[in-house]
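Have a look at the structure below, then the notes.
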Amino acid sequence: MTTTTKRIPLYLKEIYGDFYTNENLYAFFDKPWVNFILTCGFSSKLTKALLKELKPGQKVLQLGCTFGNQIFETATLLGKKGKLDILDVSSLQIKRCKFKIGRSFPQVGFICQNANTAVKNNYDAVILYGLLHEVPHVQKAKILQAALDSIKEGGKVVIIDYHKPKIWHPFRWPVKLFNRLYQPFAEVLWDRDIDTFVKDKSKYFWRKTQYDAGMYQKVVIEKKKSGELTQTPAPQSYKI
């Protein structure tokens, strides 16, 4: 792998620079209990929501290394007959992830490149777990298109990310303030549905589920097969 931290996009270096360069900081955020607190206790539930969309033996691409146990649990579900490729623009994050999983998961591979470029390998699924809120609006659209271009017919893109919480949610305003100060690209996910970042929505089936009174969302985008392209069912939405 030849990518270095110098190739990390400027917006990521300026806003999330320490996550890519400070080993002590990202080691702290990698602790499961820290993830539990930062997600208002929903980290485990969000991971389980993701795993419901996957099956053992599938070939899966994940865009971005994550903190906590999500990668462990995903690789465990896919099993030895499955394949999990993890893509990240930061070679340091890949190094951290490789060290973390050790030799426990030989079916896990790594790709060091920007997530806005497709990996055309006919994946059964592509995972975007907490990625979209970290990138500018234009990059959201490019990354989503790259993800959709990386799955086969009948495959799916699974997105776990922020959503606009109910007005009575006790953490609504603290989270809004935190995002305004430290995650400036997250707030747009309160104001726009993820499907608005995709140009030709008719090629896909859409399904959205909300969690924690709307604080988080899971959006599943399934690529239609050739015989299904004329089908245009209404998007499905659920609240949990």
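Labeling convention for the structure tokens: chains A, B, ... as they appear, residues from 1 per chain, ligands from 1 in order of appearance.
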
- [ ] Report as a VMD selection string: the residues of chain A with a DSSP assignment of strand (DSSP E or B), based on the backbone of this structure.
- [x] chain A and resid 59 to 63 83 to 88 108 to 112 123 to 129 151 to 162 204 to 211 216 to 223 236 to 239

Go ahead and save the picked residues with C-alpha atoms, as a CSV table (one decimal), in the first residue's frame.
```csv
chain,number,residue,atom,x,y,z
A,59,LYS,CA,-18.6,-10.8,-0.6
A,60,VAL,CA,-18.8,-7.4,1.1
A,61,LEU,CA,-17.0,-4.1,0.8
A,62,GLN,CA,-16.9,-1.6,3.7
A,63,LEU,CA,-16.0,2.0,2.9
A,83,LYS,CA,-15.0,-12.0,2.0
A,84,LEU,CA,-14.8,-8.6,3.6
A,85,ASP,CA,-12.7,-5.9,1.9
A,86,ILE,CA,-12.2,-2.7,4.0
A,87,LEU,CA,-11.4,0.5,2.0
A,88,ASP,CA,-9.9,3.6,3.6
A,108,VAL,CA,-10.5,-9.6,5.5
A,109,GLY,CA,-8.6,-7.6,2.9
A,110,PHE,CA,-7.7,-4.0,2.7
A,111,ILE,CA,-7.8,-1.3,-0.1
A,112,CYS,CA,-6.1,2.0,0.4
A,123,TYR,CA,-20.0,-7.2,-4.3
A,124,ASP,CA,-23.1,-8.6,-2.6
A,125,ALA,CA,-23.2,-5.6,-0.3
A,126,VAL,CA,-21.3,-2.3,0.4
A,127,ILE,CA,-21.3,-0.9,3.9
A,128,LEU,CA,-21.2,2.8,4.8
A,129,TYR,CA,-21.2,2.9,8.6
A,151,ILE,CA,-22.5,-4.0,-6.2
A,152,LYS,CA,-23.9,-6.6,-8.5
A,153,GLU,CA,-27.5,-6.8,-9.6
A,154,GLY,CA,-29.6,-7.6,-6.5
A,155,GLY,CA,-26.8,-6.4,-4.3
A,156,LYS,CA,-27.4,-3.8,-1.7
A,157,VAL,CA,-25.7,-0.7,-0.1
A,158,VAL,CA,-26.3,-0.5,3.6
A,159,ILE,CA,-25.9,3.0,5.3
A,160,ILE,CA,-25.9,3.6,9.0
A,161,ASP,CA,-25.7,7.3,9.9
A,162,TYR,CA,-27.3,10.3,11.6
A,204,TYR,CA,-32.9,0.9,-7.0
A,205,PHE,CA,-35.3,-0.3,-4.2
A,206,TRP,CA,-35.2,1.9,-1.1
A,207,ARG,CA,-35.8,1.1,2.5
A,208,LYS,CA,-35.2,3.3,5.6
A,209,THR,CA,-35.5,2.5,9.3
A,210,GLN,CA,-35.1,5.0,12.1
A,211,TYR,CA,-33.6,4.3,15.5
A,216,TYR,CA,-30.0,7.4,13.6
A,217,GLN,CA,-31.1,5.8,10.4
A,218,LYS,CA,-30.4,2.7,8.3
A,219,VAL,CA,-30.9,3.1,4.6
A,220,VAL,CA,-30.8,0.1,2.4
A,221,ILE,CA,-30.5,0.6,-1.4
A,222,GLU,CA,-30.9,-2.6,-3.4
A,223,LYS,CA,-29.9,-2.6,-7.1
A,236,GLN,CA,-40.5,2.0,2.7
A,237,SER,CA,-39.9,3.6,6.1
A,238,TYR,CA,-39.9,2.2,9.6
A,239,LYS,CA,-39.3,3.6,13.1
```

- [ ] Enumerate as a PyMOL selection string all residues of segment 65-207 of chain A assigned to alpha helix (DSSP H) by DSSP on the backbone, naming them with the chain letters and numbers the document uses.
- [x] chain A and resi 70-78+91-101+137-149+172-182+188-191

Task: Among the residues A:Asp193, A:Leu12, A:Cys65, A:Leu25, the one that comes closest to Ala141 of chain A [using only C-alpha atoms] - done: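 Result for the nearest residue to Ala141 of chain A: A:Asp193.
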
Task: Non-local contacts of Pro165 of chain A (9 Å; only C-alpha atoms; under 2 positions in same chain excluded) as a PyMOL selection string - done: chain A and resi 162-163+167-169+171-172+190+211-216

Could you write those residues out with C-alpha atoms, as an mmCIF file, in the first residue's frame?
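So again.cif came out as:
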```
data_model
loop_
_atom_site.group_PDB
_atom_site.id
_atom_site.type_symbol
_atom_site.label_atom_id
_atom_site.label_comp_id
_atom_site.auth_asym_id
_atom_site.auth_seq_id
_atom_site.Cartn_x
_atom_site.Cartn_y
_atom_site.Cartn_z
ATOM 1 C CA TYR A 162 -27.255 10.272 11.622
ATOM 2 C CA HIS A 163 -30.878 11.299 11.097
ATOM 3 C CA ILE A 167 -38.024 17.456 18.666
ATOM 4 C CA TRP A 168 -38.563 15.993 22.144
ATOM 5 C CA HIS A 169 -35.404 13.857 22.031
ATOM 6 C CA PHE A 171 -30.066 14.842 23.178
ATOM 7 C CA ARG A 172 -31.388 16.606 20.081
ATOM 8 C CA TRP A 190 -31.046 16.177 9.381
ATOM 9 C CA TYR A 211 -33.639 4.312 15.514
ATOM 10 C CA ASP A 212 -33.488 6.095 18.858
ATOM 11 C CA ALA A 213 -36.450 8.390 18.140
ATOM 12 C CA GLY A 214 -34.969 9.328 14.786
ATOM 13 C CA MET A 215 -31.411 10.079 15.917
ATOM 14 C CA TYR A 216 -30.029 7.392 13.589
#
```

TODO: Using only C-alpha atoms, find the one residue out of A:Val198, A:Val34, A:Val175, A:Ala27 that sits nearest to Lys142 of chain A.
DONE: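 Looking at the shortest contact to Lys142 of chain A, the residue is A:Val198.
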
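Note that the spacing between atom CA of Lys48 of chain A and atom CA of Asn69 of chain A amounts to 11.0 Å.
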
Open item on the list: Neighbouring residues of segment 147-150 of chain A were defined as those with any atom within 6 Å, considering only C-alpha atoms; residues of the same chain fewer than 6 positions away were excluded. Please report them as a PyMOL selection string.
Closed with: chain A and resi 118-120+122

As a PDB file with N, CA and C atoms, in the first residue's frame, please: the residues near His137 of chain A (cut-off 10 Å, only C-alpha atoms, same-chain neighbours under 2 positions excluded).
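Final file, part.pdb:
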```pdb
ATOM      1  N   LEU A 132     -20.944   8.949   5.839  1.00  0.00           N
ATOM      2  CA  LEU A 132     -21.480  10.095   5.096  1.00  0.00           C
ATOM      3  C   LEU A 132     -21.455  11.390   5.895  1.00  0.00           C
ATOM      4  N   HIS A 133     -21.616  11.308   7.197  1.00  0.00           N
ATOM      5  CA  HIS A 133     -21.649  12.557   7.970  1.00  0.00           C
ATOM      6  C   HIS A 133     -20.269  13.204   8.084  1.00  0.00           C
ATOM      7  N   GLU A 134     -19.223  12.510   7.651  1.00  0.00           N
ATOM      8  CA  GLU A 134     -17.872  13.054   7.751  1.00  0.00           C
ATOM      9  C   GLU A 134     -17.404  13.749   6.475  1.00  0.00           C
ATOM     10  N   VAL A 135     -18.206  13.709   5.423  1.00  0.00           N
ATOM     11  CA  VAL A 135     -17.735  14.233   4.134  1.00  0.00           C
ATOM     12  C   VAL A 135     -18.670  15.324   3.622  1.00  0.00           C
ATOM     13  N   GLN A 139     -19.152  15.188  -1.965  1.00  0.00           N
ATOM     14  CA  GLN A 139     -18.518  13.885  -1.755  1.00  0.00           C
ATOM     15  C   GLN A 139     -19.542  12.827  -1.343  1.00  0.00           C
ATOM     16  N   LYS A 140     -20.575  13.218  -0.643  1.00  0.00           N
ATOM     17  CA  LYS A 140     -21.638  12.263  -0.298  1.00  0.00           C
ATOM     18  C   LYS A 140     -22.208  11.625  -1.566  1.00  0.00           C
ATOM     19  N   ALA A 141     -22.494  12.470  -2.546  1.00  0.00           N
ATOM     20  CA  ALA A 141     -23.055  11.979  -3.806  1.00  0.00           C
ATOM     21  C   ALA A 141     -22.066  11.081  -4.540  1.00  0.00           C
ATOM     22  N   LYS A 142     -20.793  11.473  -4.574  1.00  0.00           N
ATOM     23  CA  LYS A 142     -19.785  10.679  -5.264  1.00  0.00           C
ATOM     24  C   LYS A 142     -19.560   9.332  -4.579  1.00  0.00           C
ATOM     25  N   ILE A 143     -19.532   9.345  -3.263  1.00  0.00           N
ATOM     26  CA  ILE A 143     -19.312   8.103  -2.514  1.00  0.00           C
ATOM     27  C   ILE A 143     -20.493   7.154  -2.677  1.00  0.00           C
ATOM     28  N   PHE A 185     -20.357  18.565   8.410  1.00  0.00           N
ATOM     29  CA  PHE A 185     -21.025  17.921   7.278  1.00  0.00           C
ATOM     30  C   PHE A 185     -22.140  16.983   7.720  1.00  0.00           C
ATOM     31  N   ALA A 186     -22.358  16.897   9.031  1.00  0.00           N
ATOM     32  CA  ALA A 186     -23.356  15.959   9.553  1.00  0.00           C
ATOM     33  C   ALA A 186     -24.763  16.542   9.520  1.00  0.00           C
ATOM     34  N   VAL A 188     -26.493  18.197   7.473  1.00  0.00           N
ATOM     35  CA  VAL A 188     -27.306  18.068   6.268  1.00  0.00           C
ATOM     36  C   VAL A 188     -28.129  16.785   6.292  1.00  0.00           C
ATOM     37  N   LEU A 189     -27.680  15.773   7.031  1.00  0.00           N
ATOM     38  CA  LEU A 189     -28.442  14.530   7.131  1.00  0.00           C
ATOM     39  C   LEU A 189     -29.702  14.708   7.972  1.00  0.00           C
ATOM     40  N   PHE A 197     -29.230  12.400  -2.719  1.00  0.00           N
ATOM     41  CA  PHE A 197     -27.856  12.482  -3.196  1.00  0.00           C
ATOM     42  C   PHE A 197     -27.601  11.542  -4.373  1.00  0.00           C
TER      43      PHE A 197
END
```

Task: d(atom CA of Leu77 of chain A, atom CA of Lys52 of chain A) in Å - done: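 Distance reported for this atom pair: 9.9 Å.
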
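Residue nearest Glu23 of chain A within the list A:Thr39, A:Ser202, A:Thr66, A:Gln93: A:Gln93 [criterion: smallest interatomic distance, only C-alpha atoms].
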
Task: Shell of 10 Å around Pro9 of chain A, only C-alpha atoms, local chain residues under 5 positions omitted, as a list in words - done: Glu14, Val89, Ser90, Asn114 and Val135 of chain A

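For the pair atom CA of Ser44 of chain A and atom CA of Lys31 of chain A, the separation is 12.7 Å.
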